[in-house]
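Q: Input my_file38.txt, format and content: compact mmCIF, C-alpha atoms and all ligand atoms.
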# COMPACT_ATOMS: atom_id res chain seq x y z
CA MET A 1 -10.44 -33.02 -6.85
CA ASP A 2 -10.75 -30.79 -9.91
CA ILE A 3 -7.24 -29.84 -11.02
CA LEU A 4 -7.13 -27.56 -14.05
CA ASP A 5 -4.12 -27.20 -16.35
CA GLY A 6 -2.61 -24.05 -17.87
CA VAL A 7 -4.69 -21.55 -15.89
CA ASP A 8 -4.35 -17.79 -16.45
CA LEU A 9 -3.57 -16.15 -13.09
CA GLN A 10 -4.20 -12.54 -14.17
CA ARG A 11 -7.63 -12.36 -12.50
CA PHE A 12 -6.24 -14.02 -9.38
CA ASN A 13 -3.69 -11.27 -8.55
CA THR A 14 -4.54 -7.62 -7.87
CA LEU A 15 -1.50 -6.44 -9.85
CA ALA A 16 -3.16 -8.13 -12.87
CA ILE A 17 0.14 -9.66 -13.88
CA PRO A 18 -0.33 -12.01 -16.83
CA ALA A 19 1.14 -15.31 -15.69
CA ARG A 20 0.05 -18.92 -16.02
CA ALA A 21 -0.05 -21.80 -13.57
CA ASP A 22 0.79 -25.24 -14.93
CA HIS A 23 -1.88 -26.60 -12.53
CA TYR A 24 -4.59 -24.96 -10.43
CA VAL A 25 -7.11 -26.18 -7.89
CA ARG A 26 -9.76 -24.35 -5.87
CA VAL A 27 -10.10 -25.79 -2.37
CA GLU A 28 -13.49 -25.30 -0.70
CA HIS A 29 -13.18 -27.86 2.07
CA PRO A 30 -10.19 -28.67 4.32
CA ASP A 31 -10.84 -32.42 3.92
CA GLU A 32 -9.76 -32.13 0.28
CA LEU A 33 -6.27 -30.96 1.18
CA GLN A 34 -4.71 -34.31 2.04
CA ALA A 35 -5.56 -36.00 -1.29
CA ILE A 36 -4.58 -32.93 -3.33
CA LEU A 37 -1.22 -32.62 -1.60
CA GLN A 38 -0.49 -36.34 -1.94
CA HIS A 39 -1.18 -36.01 -5.66
CA ALA A 40 1.06 -32.91 -5.93
CA GLN A 41 3.83 -34.73 -4.08
CA ALA A 42 3.53 -37.79 -6.32
CA GLN A 43 3.78 -35.54 -9.39
CA GLN A 44 6.65 -33.57 -7.77
CA TRP A 45 4.77 -30.31 -8.25
CA PRO A 46 5.82 -27.36 -6.09
CA VAL A 47 2.77 -25.85 -4.37
CA LEU A 48 1.85 -22.17 -4.19
CA ILE A 49 -0.81 -21.18 -1.63
CA LEU A 50 -3.05 -18.38 -2.92
CA GLY A 51 -5.77 -16.33 -1.26
CA GLY A 52 -6.97 -13.06 -2.82
CA GLY A 53 -3.63 -12.42 -4.59
CA SER A 54 -3.36 -8.89 -3.18
CA ASN A 55 0.09 -9.42 -1.70
CA THR A 56 1.58 -11.59 -4.43
CA VAL A 57 3.84 -10.80 -7.38
CA PHE A 58 4.26 -13.39 -10.13
CA SER A 59 7.69 -12.91 -11.67
CA GLY A 60 6.77 -15.40 -14.41
CA ASP A 61 4.67 -18.52 -14.98
CA PHE A 62 4.32 -20.91 -12.05
CA HIS A 63 5.48 -24.43 -12.84
CA GLY A 64 3.57 -26.28 -10.18
CA LEU A 65 0.17 -26.35 -8.47
CA VAL A 66 -1.60 -23.18 -7.36
CA LEU A 67 -3.77 -24.05 -4.37
CA HIS A 68 -6.51 -21.43 -4.20
CA LEU A 69 -7.99 -21.34 -0.69
CA ALA A 70 -11.77 -20.83 -0.84
CA ILE A 71 -12.84 -22.35 2.50
CA ALA A 72 -15.92 -20.45 3.69
CA GLY A 73 -17.74 -20.08 7.00
CA ILE A 74 -17.98 -17.86 10.06
CA GLU A 75 -18.79 -19.65 13.34
CA ALA A 76 -19.38 -17.51 16.44
CA GLN A 77 -19.27 -18.54 20.08
CA PRO A 78 -20.46 -15.65 22.25
CA SER A 79 -19.56 -15.29 25.94
CA GLU A 80 -20.24 -12.54 28.50
CA ASP A 81 -18.46 -9.59 26.85
CA SER A 82 -16.67 -11.16 23.93
CA VAL A 83 -17.13 -13.50 21.01
CA LEU A 84 -14.81 -16.20 19.71
CA LEU A 85 -14.87 -16.56 15.93
CA ARG A 86 -13.68 -19.43 13.74
CA VAL A 87 -13.45 -18.14 10.18
CA GLY A 88 -12.69 -20.04 6.98
CA ALA A 89 -9.47 -18.97 5.21
CA GLY A 90 -11.34 -18.18 1.99
CA GLU A 91 -13.65 -15.57 3.53
CA ASN A 92 -13.00 -12.03 2.32
CA TRP A 93 -11.26 -9.98 5.03
CA ASP A 94 -13.10 -6.71 4.44
CA GLN A 95 -16.48 -8.44 4.36
CA LEU A 96 -15.62 -10.11 7.68
CA VAL A 97 -14.80 -6.72 9.23
CA ARG A 98 -18.13 -5.28 8.04
CA HIS A 99 -20.07 -8.36 9.19
CA CYS A 100 -18.52 -8.14 12.67
CA LEU A 101 -19.32 -4.43 12.97
CA ALA A 102 -22.93 -5.13 12.01
CA GLN A 103 -23.13 -7.83 14.70
CA GLY A 104 -21.69 -5.53 17.39
CA TRP A 105 -18.38 -7.43 17.60
CA TYR A 106 -15.51 -4.98 17.83
CA GLY A 107 -11.74 -4.90 17.40
CA LEU A 108 -11.37 -5.13 13.61
CA GLU A 109 -12.63 -1.68 12.60
CA ASN A 110 -9.16 -0.15 12.03
CA LEU A 111 -8.45 -3.01 9.62
CA ILE A 112 -11.39 -2.20 7.35
CA ALA A 113 -10.94 -2.10 3.56
CA ILE A 114 -7.79 -4.24 3.48
CA PRO A 115 -8.16 -6.49 0.42
CA GLY A 116 -7.54 -10.21 0.50
CA SER A 117 -8.56 -13.32 2.37
CA VAL A 118 -8.87 -14.14 6.04
CA GLY A 119 -6.32 -16.96 5.66
CA ALA A 120 -3.59 -14.57 4.54
CA ALA A 121 -4.14 -12.11 7.41
CA PRO A 122 -1.83 -13.91 9.87
CA VAL A 123 0.89 -14.36 7.21
CA GLN A 124 1.94 -10.74 7.36
CA ASN A 125 0.08 -9.88 10.60
CA ILE A 126 -1.93 -7.32 8.64
CA GLY A 127 -1.88 -3.88 10.18
CA ALA A 128 -3.24 -0.41 9.61
CA TYR A 129 -4.08 2.74 11.55
CA GLY A 130 -2.33 1.61 14.72
CA VAL A 131 -3.89 -1.88 14.97
CA GLU A 132 -2.49 -5.28 13.97
CA LEU A 133 -4.17 -8.68 13.62
CA ALA A 134 -2.03 -9.71 16.62
CA SER A 135 -4.41 -7.81 18.94
CA VAL A 136 -7.31 -10.23 18.19
CA LEU A 137 -5.72 -13.47 16.94
CA VAL A 138 -6.28 -16.50 19.19
CA ALA A 139 -5.16 -19.40 16.97
CA VAL A 140 -4.72 -20.67 13.45
CA GLU A 141 -5.80 -24.09 12.15
CA GLY A 142 -4.37 -25.71 9.09
CA TRP A 143 -2.48 -28.44 7.31
CA ASP A 144 1.24 -28.92 7.91
CA MET A 145 2.63 -30.16 4.58
CA GLU A 146 5.85 -31.44 6.09
CA ARG A 147 4.20 -33.44 8.88
CA GLY A 148 1.23 -34.41 6.70
CA GLU A 149 -1.32 -33.60 9.42
CA THR A 150 -3.67 -30.90 10.67
CA ARG A 151 -2.38 -28.68 13.47
CA THR A 152 -3.66 -25.82 15.55
CA LEU A 153 -1.13 -23.11 16.34
CA SER A 154 -1.65 -20.66 19.19
CA ALA A 155 -1.21 -16.95 18.52
CA GLU A 156 2.15 -17.23 20.29
CA ASP A 157 3.21 -20.08 17.94
CA CYS A 158 2.45 -17.75 14.99
CA ARG A 159 5.23 -15.39 16.22
CA LEU A 160 3.52 -12.30 14.90
CA SER A 161 5.60 -9.14 14.72
CA TYR A 162 5.63 -6.02 12.52
CA ARG A 163 4.17 -7.26 9.17
CA ASP A 164 5.79 -10.62 9.88
CA SER A 165 5.05 -14.12 11.23
CA VAL A 166 6.30 -17.70 11.38
CA PHE A 167 4.50 -18.23 8.02
CA LYS A 168 7.20 -16.12 6.35
CA HIS A 169 10.00 -18.09 8.04
CA ALA A 170 9.99 -21.62 9.58
CA LEU A 171 6.51 -22.44 8.18
CA LYS A 172 6.92 -20.65 4.85
CA ASP A 173 5.32 -22.66 2.00
CA ARG A 174 4.68 -25.42 4.52
CA PHE A 175 1.55 -24.53 6.52
CA ILE A 176 -1.82 -24.10 4.79
CA ILE A 177 -4.09 -22.01 7.00
CA SER A 178 -7.66 -23.37 6.79
CA HIS A 179 -9.26 -21.41 9.66
CA VAL A 180 -8.42 -18.38 11.77
CA HIS A 181 -9.71 -17.96 15.34
CA LEU A 182 -10.27 -14.41 16.60
CA ARG A 183 -11.53 -12.99 19.88
CA LEU A 184 -13.53 -9.78 19.53
CA THR A 185 -15.19 -7.70 22.20
CA THR A 186 -18.83 -6.65 22.46
CA ARG A 187 -17.75 -3.48 24.30
CA PRO A 188 -17.60 -0.62 21.78
CA GLU A 189 -14.02 0.46 22.54
CA VAL A 190 -12.13 2.41 19.91
CA ASN A 191 -8.49 2.89 19.04
CA CYS A 192 -8.08 6.29 17.42
CA GLY A 193 -4.57 7.33 18.45
CA TYR A 194 -3.12 7.00 14.94
CA PRO A 195 -2.48 10.62 13.85
CA ALA A 196 -4.07 10.49 10.38
CA LEU A 197 -7.19 8.92 11.92
CA ALA A 198 -7.40 11.33 14.86
CA GLU A 199 -7.15 14.28 12.42
CA ALA A 200 -9.85 12.94 10.11
CA LEU A 201 -12.45 12.12 12.80
CA PRO A 202 -15.20 14.74 12.91
CA GLU A 203 -14.99 17.09 15.91
CA GLY A 204 -17.72 17.12 18.51
CA ARG A 205 -18.81 13.49 18.00
CA ALA A 206 -17.67 10.71 20.33
CA PRO A 207 -15.95 8.18 18.06
CA THR A 208 -17.81 4.87 17.83
CA PRO A 209 -16.39 1.75 16.14
CA GLN A 210 -18.70 2.46 13.18
CA LEU A 211 -17.42 6.04 12.88
CA VAL A 212 -13.79 4.88 13.09
CA ALA A 213 -14.44 2.30 10.35
CA GLU A 214 -16.25 4.79 8.10
CA THR A 215 -13.51 7.39 8.58
CA ILE A 216 -10.72 4.95 7.77
CA ALA A 217 -12.60 3.59 4.75
CA GLY A 218 -12.94 7.20 3.55
CA ILE A 219 -9.22 8.00 3.96
CA ARG A 220 -8.24 4.78 2.23
CA HIS A 221 -10.62 5.45 -0.64
CA SER A 222 -9.10 8.91 -1.17
CA LYS A 223 -5.44 7.79 -0.96
CA LEU A 224 -5.30 4.31 -2.43
CA PRO A 225 -6.05 3.10 -5.95
CA ASP A 226 -8.77 0.44 -6.25
CA PRO A 227 -7.05 -2.60 -7.80
CA ALA A 228 -10.13 -3.15 -9.98
CA ASP A 229 -9.36 0.17 -11.73
CA ILE A 230 -5.59 0.50 -11.30
CA PRO A 231 -3.90 -2.81 -10.54
CA ASN A 232 -1.65 -2.68 -7.43
CA ALA A 233 -0.67 -4.67 -4.35
CA GLY A 234 -0.87 -1.93 -1.73
CA SER A 235 2.45 -0.97 -0.17
CA PHE A 236 5.17 -2.41 -2.36
CA PHE A 237 7.98 -1.80 0.12
CA LYS A 238 8.20 -2.50 3.85
CA ASN A 239 8.93 0.35 6.21
CA PRO A 240 12.63 -0.20 6.99
CA ILE A 241 13.68 -0.72 10.60
CA VAL A 242 17.12 0.77 11.35
CA GLU A 243 19.42 1.26 14.34
CA GLN A 244 19.14 4.55 16.25
CA SER A 245 22.66 5.50 15.10
CA LYS A 246 21.52 5.25 11.45
CA GLN A 247 18.48 7.40 12.17
CA ALA A 248 20.72 10.01 13.86
CA GLU A 249 23.06 10.10 10.86
CA LEU A 250 20.10 10.52 8.48
CA LEU A 251 18.44 13.18 10.65
CA SER A 252 21.63 15.24 10.51
CA ARG A 253 21.23 15.32 6.71
CA PHE A 254 17.41 15.23 6.47
CA PRO A 255 16.02 16.90 9.62
CA LYS A 256 12.40 16.44 8.51
CA MET A 257 12.69 12.68 8.01
CA PRO A 258 9.91 10.86 9.92
CA GLY A 259 10.77 7.95 12.23
CA TRP A 260 9.07 6.02 15.06
CA PRO A 261 10.73 4.08 17.91
CA MET A 262 10.04 0.32 17.93
CA ALA A 263 9.72 -1.79 21.09
CA ASP A 264 13.18 -3.35 20.50
CA GLY A 265 14.97 0.04 20.56
CA ARG A 266 15.34 0.32 16.79
CA VAL A 267 13.53 2.88 14.65
CA LYS A 268 10.92 2.47 11.89
CA LEU A 269 11.38 4.81 8.91
CA ALA A 270 8.65 5.64 6.39
CA ALA A 271 9.46 3.84 3.12
CA GLY A 272 6.96 6.10 1.30
CA TRP A 273 8.85 9.22 2.42
CA LEU A 274 12.17 7.77 1.20
CA VAL A 275 10.70 6.85 -2.23
CA ASP A 276 9.09 10.29 -2.51
CA GLN A 277 12.32 12.12 -1.56
CA ALA A 278 14.25 10.02 -4.06
CA GLY A 279 11.98 11.60 -6.69
CA TRP A 280 9.84 8.60 -7.65
CA LYS A 281 6.33 9.62 -6.53
CA GLY A 282 4.10 9.68 -9.63
CA ALA A 283 6.92 8.41 -11.90
CA ARG A 284 6.09 6.16 -14.86
CA ALA A 285 8.26 3.81 -16.91
CA GLY A 286 6.64 1.82 -19.69
CA GLY A 287 3.35 0.51 -18.37
CA VAL A 288 4.21 0.58 -14.66
CA GLY A 289 4.63 3.39 -12.16
CA VAL A 290 4.40 4.85 -8.67
CA TYR A 291 0.94 6.06 -7.64
CA GLU A 292 0.83 9.87 -7.60
CA ARG A 293 -1.02 10.05 -4.24
CA GLN A 294 0.96 7.37 -2.37
CA ALA A 295 4.65 6.78 -3.07
CA LEU A 296 4.59 3.32 -1.47
CA VAL A 297 2.13 1.93 -4.01
CA LEU A 298 3.46 0.62 -7.32
CA ILE A 299 0.82 0.43 -10.03
CA ASN A 300 0.50 -1.71 -13.12
CA PRO A 301 -2.11 0.11 -15.27
CA GLU A 302 -1.02 -1.58 -18.48
CA ARG A 303 -1.01 -5.06 -16.96
CA CYS A 304 2.70 -5.59 -17.60
CA SER A 305 4.72 -8.62 -16.63
CA GLY A 306 6.03 -9.17 -13.12
CA GLU A 307 9.54 -9.04 -14.55
CA GLU A 308 8.96 -5.46 -15.79
CA LEU A 309 7.44 -4.38 -12.49
CA LEU A 310 10.31 -5.88 -10.49
CA ARG A 311 12.89 -4.21 -12.76
CA PHE A 312 11.17 -0.87 -12.07
CA ALA A 313 11.08 -1.58 -8.31
CA GLY A 314 14.80 -2.37 -8.49
CA ARG A 315 15.54 1.09 -9.92
CA ILE A 316 13.68 2.67 -6.99
CA THR A 317 15.49 0.61 -4.35
CA ASP A 318 18.85 1.40 -6.01
CA ASP A 319 18.13 5.14 -5.82
CA VAL A 320 16.95 4.98 -2.21
CA ARG A 321 20.08 3.03 -1.24
CA ALA A 322 22.32 5.54 -3.02
CA LYS A 323 20.65 8.57 -1.44
CA PHE A 324 19.95 7.31 2.11
CA GLY A 325 22.07 4.15 2.54
CA VAL A 326 18.85 2.26 3.39
CA SER A 327 17.86 -1.04 1.72
CA LEU A 328 14.16 -1.29 0.93
CA GLU A 329 12.61 -4.74 0.99
CA ILE A 330 9.63 -5.75 -1.12
CA GLU A 331 6.55 -6.41 1.04
CA PRO A 332 4.47 -8.71 -1.21
CA ARG A 333 5.59 -12.27 -1.75
CA VAL A 334 7.43 -12.68 -5.06
CA TYR A 335 7.03 -16.02 -6.90
P1 LIG B 1 -2.27 -13.47 -1.17
O1 LIG B 1 -1.64 -12.43 -2.01
O2 LIG B 1 -3.13 -14.46 -1.83
O3 LIG B 1 -1.12 -14.25 -0.37
C1 LIG B 1 -0.14 -13.53 0.33
C2 LIG B 1 0.82 -14.52 1.00
O4 LIG B 1 0.12 -15.29 1.98
C3 LIG B 1 1.40 -15.54 0.00
O5 LIG B 1 2.71 -15.85 0.39
C4 LIG B 1 0.49 -16.76 0.18
O6 LIG B 1 1.15 -17.98 -0.12
C5 LIG B 1 0.16 -16.69 1.66
N1 LIG B 1 -1.18 -17.22 1.96
C6 LIG B 1 -2.35 -16.77 1.48
N2 LIG B 1 -3.37 -17.49 1.99
C7 LIG B 1 -2.81 -18.42 2.80
C8 LIG B 1 -3.33 -19.48 3.59
N3 LIG B 1 -4.65 -19.73 3.67
N4 LIG B 1 -2.46 -20.26 4.28
C9 LIG B 1 -1.12 -20.01 4.22
N5 LIG B 1 -0.57 -19.04 3.48
C10 LIG B 1 -1.40 -18.25 2.78
N6 LIG B 1 -1.78 -5.10 4.05
C11 LIG B 1 -1.73 -4.67 5.34
O7 LIG B 1 -1.15 -5.33 6.20
N7 LIG B 1 -2.31 -3.49 5.69
C12 LIG B 1 -2.98 -2.71 4.82
O8 LIG B 1 -3.49 -1.67 5.19
C13 LIG B 1 -3.04 -3.14 3.45
N8 LIG B 1 -3.64 -2.38 2.52
C14 LIG B 1 -3.68 -2.79 1.22
C15 LIG B 1 -4.33 -1.99 0.27
C16 LIG B 1 -4.40 -2.38 -1.05
C17 LIG B 1 -5.09 -1.49 -2.06
C18 LIG B 1 -3.83 -3.62 -1.45
C19 LIG B 1 -3.96 -4.07 -2.86
C20 LIG B 1 -3.18 -4.41 -0.52
C21 LIG B 1 -3.10 -4.02 0.83
N9 LIG B 1 -2.45 -4.79 1.80
C22 LIG B 1 -2.41 -4.37 3.12
C23 LIG B 1 -1.78 -6.05 1.43
C24 LIG B 1 -2.75 -7.28 1.40
O9 LIG B 1 -4.08 -6.86 1.20
C25 LIG B 1 -2.67 -8.11 2.67
O10 LIG B 1 -1.37 -8.57 2.88
C26 LIG B 1 -3.62 -9.32 2.63
O11 LIG B 1 -3.63 -9.98 3.87
C27 LIG B 1 -3.24 -10.32 1.54
O12 LIG B 1 -4.31 -11.24 1.41
P2 LIG B 1 -4.47 -12.15 0.13
O13 LIG B 1 -5.48 -13.20 0.45
O14 LIG B 1 -4.73 -11.34 -1.06
O15 LIG B 1 -3.02 -12.81 0.08
P1 LIG B 2 0.32 7.46 6.63
O1 LIG B 2 -0.74 7.67 7.64
O2 LIG B 2 0.52 8.43 5.53
O3 LIG B 2 1.72 7.24 7.38
C1 LIG B 2 2.90 6.89 6.63
C2 LIG B 2 3.72 5.88 7.39
O4 LIG B 2 4.05 6.44 8.65
C3 LIG B 2 2.96 4.59 7.66
O5 LIG B 2 3.64 3.57 7.00
C4 LIG B 2 2.93 4.41 9.16
O6 LIG B 2 3.46 3.19 9.59
C5 LIG B 2 3.84 5.50 9.69
N1 LIG B 2 3.20 6.20 10.83
C6 LIG B 2 2.42 7.31 10.78
N2 LIG B 2 2.08 7.68 12.02
C7 LIG B 2 2.63 6.80 12.87
C8 LIG B 2 2.64 6.66 14.28
N3 LIG B 2 2.03 7.53 15.08
N4 LIG B 2 3.30 5.63 14.82
C9 LIG B 2 3.92 4.76 14.05
N5 LIG B 2 3.97 4.83 12.70
C10 LIG B 2 3.33 5.84 12.12
O7 LIG B 2 0.14 6.00 5.99
P2 LIG B 2 -0.73 5.49 4.77
O8 LIG B 2 0.19 5.08 3.71
O9 LIG B 2 -1.85 6.43 4.49
O10 LIG B 2 -1.36 4.17 5.40
C11 LIG B 2 -2.23 4.25 6.49
C12 LIG B 2 -2.21 2.94 7.25
O11 LIG B 2 -2.67 1.89 6.39
C13 LIG B 2 -0.82 2.54 7.72
O12 LIG B 2 -0.94 1.90 8.97
C14 LIG B 2 -0.36 1.57 6.66
O13 LIG B 2 0.52 0.58 7.17
C15 LIG B 2 -1.67 0.92 6.22
N6 LIG B 2 -1.58 0.54 4.79
C16 LIG B 2 -0.87 -0.58 4.48
C17 LIG B 2 -0.77 -1.01 3.17
C18 LIG B 2 -0.03 -2.29 2.83
O14 LIG B 2 -0.16 -2.75 1.71
N7 LIG B 2 0.73 -2.86 3.74
C19 LIG B 2 -1.37 -0.28 2.16
C20 LIG B 2 -2.06 0.87 2.50
C21 LIG B 2 -2.16 1.28 3.82
P3 LIG B 2 2.64 1.80 9.61
O15 LIG B 2 2.57 1.41 8.16
O16 LIG B 2 3.50 0.91 10.41
O17 LIG B 2 1.30 2.05 10.22
Using the file provided, produce a representation of the structure as structure tokens.
A:
Amino acid sequence: MDILDGVDLQRFNTLAIPARADHYVRVEHPDELQAILQHAQAQQWPVLILGGGSNTVFSGDFHGLVLHLAIAGIEAQPSEDSVLLRVGAGENWDQLVRHCLAQGWYGLENLIAIPGSVGAAPVQNIGAYGVELASVLVAVEGWDMERGETRTLSAEDCRLSYRDSVFKHALKDRFIISHVHLRLTTRPEVNCGYPALAEALPEGRAPTPQLVAETIAGIRHSKLPDPADIPNAGSFFKNPIVEQSKQAELLSRFPKMPGWPMADGRVKLAAGWLVDQAGWKGARAGGVGVYERQALVLINPERCSGEELLRFAGRITDDVRAKFGVSLEIEPRVY
């Protein structure tokens, strides 16, 4: 167990927020978890679970132990027309997607180029271009800090929903995901119903999983800032889900406002459209701002503090509430 003290977290979060952890440990094997957590408990250190830091905002220094999940490994169990994967939480998500495509294992292609670790993917049920992790997740293995034992949770136990899961509620800060089990197909089926994808696919060529992946990677590259150049955490706000009556009231004032029906009868609005209409797209304040090509993405080019970024985000949410009567929630986890 190699616990370091006073570690700079700037390179461990894609917003490049300068914050320090009182204690930090990199975990490469699940067997190390028990001893580390016993030590943290004895020292009364709060524990923060960290993957790639692409959905995390540090509002200040962390006075506890940052547990950096770096468990590697991809095990594959093929069957007739599918493959069952057991993947270490520390594997890079995008590299996993590319590896699976190269092997002829399909189902992840719409989720290409999402930064971060495999272990964090179930936490917010990552989704993009009409596909969510939920469509391939079989189970999650990990360490339950409250029970002090390893557990395997079925996909149903993970209660995945729109950018949400049990890991943001009952098991928040309690369950350390060590491995993720996925079932992929060896049949090259594609999902290209998402409008921006359908429009971008070249005409006259039957879409293959490789073509879908390449096309999505291309759109993402053109619309989203690379955190290595312009620090960001992807979408900063969740798409708000409202009652149909609220959508009707808004449509009477803003007839062009986009909205999509959800399975539960409510309606998903586009947070990016609301931020844009409130006049914030491309805005800058101090060293932080809203990306000029994507109003949902807050950027931190001057590597400012989390406090400054959150103050800026607060001004945006205040304006959106005043103009539309809709409360925007922050999507990344704020510590
Ligand atoms: P972290 O930021 O390290 O952690 C996020 C949360 O998960 C924290 O609460 C952390 O405690 C918890 N966590 C992390 N690992 C574990 C673990 N092993 N066990 C238990 N809890 C854990 N998201 C999408 O859904 N769709 C997108 O299309 C998308 N595009 C993005 C584009 C860009 C440019 C960026 C910067 C981000 C994007 N994101 C997107 C957000 C982000 O990439 C995902 O949420 C990703 O899954 C976060 O992974 P991470 O390892 O970086 O998580
Ligand atoms: P976009 O295609 O410009 O669309 C804007 C918003 O409209 C998206 O949030 C999307 O919701 C919604 N939308 C569009 N068509 C839809 C449809 N037919 N049915 C339901 N909802 C629809 O979005 P974008 O910003 O370029 O992002 C493209 C995809 O990548 C989206 O799926 C987005 O979620 C994902 N992405 C996520 C992050 C993140 O950090 N979470 C960052 C970048 C991109 P959904 O978001 O629900 O799909």
Q: With all atoms listed in the file as the atoms that count, which of A:Arg284, A:His39, A:Arg333, A:Arg86 lies nearest to Leu184 in chain A?
A: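 Residue with the minimum atom-to-atom distance to Leu184 in chain A: A:Arg86.
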Q: Please build the interface table for chain A against ligand LIG 2 (chain B) with a cut-off of 10 Å, listing for each qualifying residue the nearest atom pair and the distance in Å to one decimal; count only C-alpha atoms and all ligand atoms, order rows by chain and increasing number, and write it as CSV.
A:
residue,atom,partner,partner_atom,distance
A:Ser54,CA,B:LIG2,O14,8.5
A:Asn55,CA,B:LIG2,O14,7.5
A:Asn110,CA,B:LIG2,O11,8.8
A:Leu111,CA,B:LIG2,O11,8.2
A:Ile112,CA,B:LIG2,O11,9.7
A:Ala113,CA,B:LIG2,C21,9.4
A:Ile114,CA,B:LIG2,C19,7.7
A:Pro115,CA,B:LIG2,O14,8.9
A:Gln124,CA,B:LIG2,N7,8.8
A:Asn125,CA,B:LIG2,N7,9.8
A:Ile126,CA,B:LIG2,N7,7.1
A:Gly127,CA,B:LIG2,O13,5.9
A:Ala128,CA,B:LIG2,O12,3.3
A:Tyr129,CA,B:LIG2,O12,4.1
A:Gly130,CA,B:LIG2,O17,5.8
A:Val131,CA,B:LIG2,O12,7.7
A:Glu132,CA,B:LIG2,O12,8.9
A:Tyr162,CA,B:LIG2,O16,7.6
A:Arg163,CA,B:LIG2,N7,7.8
A:Gly193,CA,B:LIG2,N3,7.4
A:Tyr194,CA,B:LIG2,N3,5.2
A:Pro195,CA,B:LIG2,N3,5.6
A:Ala196,CA,B:LIG2,O1,5.2
A:Leu197,CA,B:LIG2,O1,7.8
A:Ile216,CA,B:LIG2,C11,8.6
A:Ile219,CA,B:LIG2,O9,7.6
A:Arg220,CA,B:LIG2,O9,7.0
A:Ser222,CA,B:LIG2,O9,9.5
A:Lys223,CA,B:LIG2,O9,6.7
A:Leu224,CA,B:LIG2,C20,6.8
A:Pro225,CA,B:LIG2,C20,9.6
A:Asn232,CA,B:LIG2,O14,9.3
A:Ala233,CA,B:LIG2,O14,6.4
A:Gly234,CA,B:LIG2,O14,3.6
A:Ser235,CA,B:LIG2,O14,3.7
A:Phe236,CA,B:LIG2,O14,6.7
A:Phe237,CA,B:LIG2,N7,8.2
A:Lys238,CA,B:LIG2,N7,7.5
A:Asn239,CA,B:LIG2,O5,6.2
A:Pro240,CA,B:LIG2,O5,9.7
A:Pro258,CA,B:LIG2,O4,7.4
A:Gly259,CA,B:LIG2,N5,7.5
A:Trp260,CA,B:LIG2,C9,5.4
A:Pro261,CA,B:LIG2,C9,7.9
A:Met262,CA,B:LIG2,C9,8.5
A:Val267,CA,B:LIG2,C9,9.8
A:Lys268,CA,B:LIG2,N5,7.4
A:Leu269,CA,B:LIG2,O4,7.5
A:Ala270,CA,B:LIG2,C2,5.0
A:Ala271,CA,B:LIG2,O5,7.0
A:Gly272,CA,B:LIG2,C1,6.7
A:Trp273,CA,B:LIG2,C1,7.7
A:Arg293,CA,B:LIG2,O8,9.5
A:Gln294,CA,B:LIG2,O8,6.5
A:Ala295,CA,B:LIG2,O8,8.3
A:Leu296,CA,B:LIG2,O8,7.0
A:Val297,CA,B:LIG2,C19,7.4
A:Glu331,CA,B:LIG2,N7,7.3
A:Pro332,CA,B:LIG2,O14,8.1
Q: Compare A:Lys323, A:His169, A:Arg159, A:Arg98 by their minimum atom-to-atom distance to ligand LIG 1 (chain B), counting all atoms listed in the file, and give me the closest one.
A: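 So, comparing all the options, the nearest one is A:His169.
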Q: Compute the distance from (5.8, -15.5, -4.7) to each atom, counting all atoms listed in the file, keep the residues with any atom at most 6 Å away, and return them as a list in words; use the coordinates of the file.
A: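 Residues with an atom close enough to that point: Thr56, Val57, Arg333, Val334 and Tyr335 of chain A.
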Q: When you draw a straight line from CA of Met1 in chain A to CA of His68 in chain A, how long is it in Å?
A: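 Atom-to-atom, CA of Met1 in chain A to CA of His68 in chain A, that is 12.5 Å.
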Q: Give me, as a PyMOL selection string, all polymer residues having an atom no more than 12 Å from Ala283 in chain A, counting only C-alpha atoms and skipping those fewer than 4 positions away in the same chain.
A: chain A and resi 275-276+278-279+287-299+312-313+315-316
Q: Taking into account only C-alpha atoms and all ligand atoms, which residue in the set A:Gly64, A:Pro231, A:Pro46, A:Gly6 is nearest to ligand LIG 1 (chain B)?
A: A:Pro231
Q: Which residues, written as a compact mmCIF listing (two decimals) with C-alpha atoms, in the coordinates of the input, have at least one atom at most 10 Å from Glu149 in chain A, with only C-alpha atoms counted and residues fewer than 4 positions away on the same chain left out?
A:
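Saved as selection_26.txt:
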# COMPACT_ATOMS: atom_id res chain seq x y z
CA LEU A 33 -6.27 -30.96 1.18
CA GLN A 34 -4.71 -34.31 2.04
CA GLY A 142 -4.37 -25.71 9.09
CA TRP A 143 -2.48 -28.44 7.31
CA ASP A 144 1.24 -28.92 7.91
CA MET A 145 2.63 -30.16 4.58
CA PHE A 175 1.55 -24.53 6.52
Q: Would you compute the distance between CA of Leu9 in chain A and CA of Ala21 in chain A? Give it in Å to one decimal.
A: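 CA of Leu9 in chain A sits 6.7 Å away from CA of Ala21 in chain A.
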Q: With all atoms listed in the file as the basis for distance, which of A:Arg253, A:His179, A:Arg174, A:Arg11 is at the shortest distance from His29 in chain A?
A: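 Looking at the shortest contact to His29 in chain A, the residue is A:His179.
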Q: Would you please work out which residue, of A:Glu91, A:Asp81, A:Glu249, A:Glu75, is nearest to ligand LIG 1 (chain B) when using all atoms listed in the file?
A: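 Going through A:Glu91, A:Asp81, A:Glu249, A:Glu75 one by one, the smallest distance to ligand LIG 1 (chain B) is for A:Glu91.
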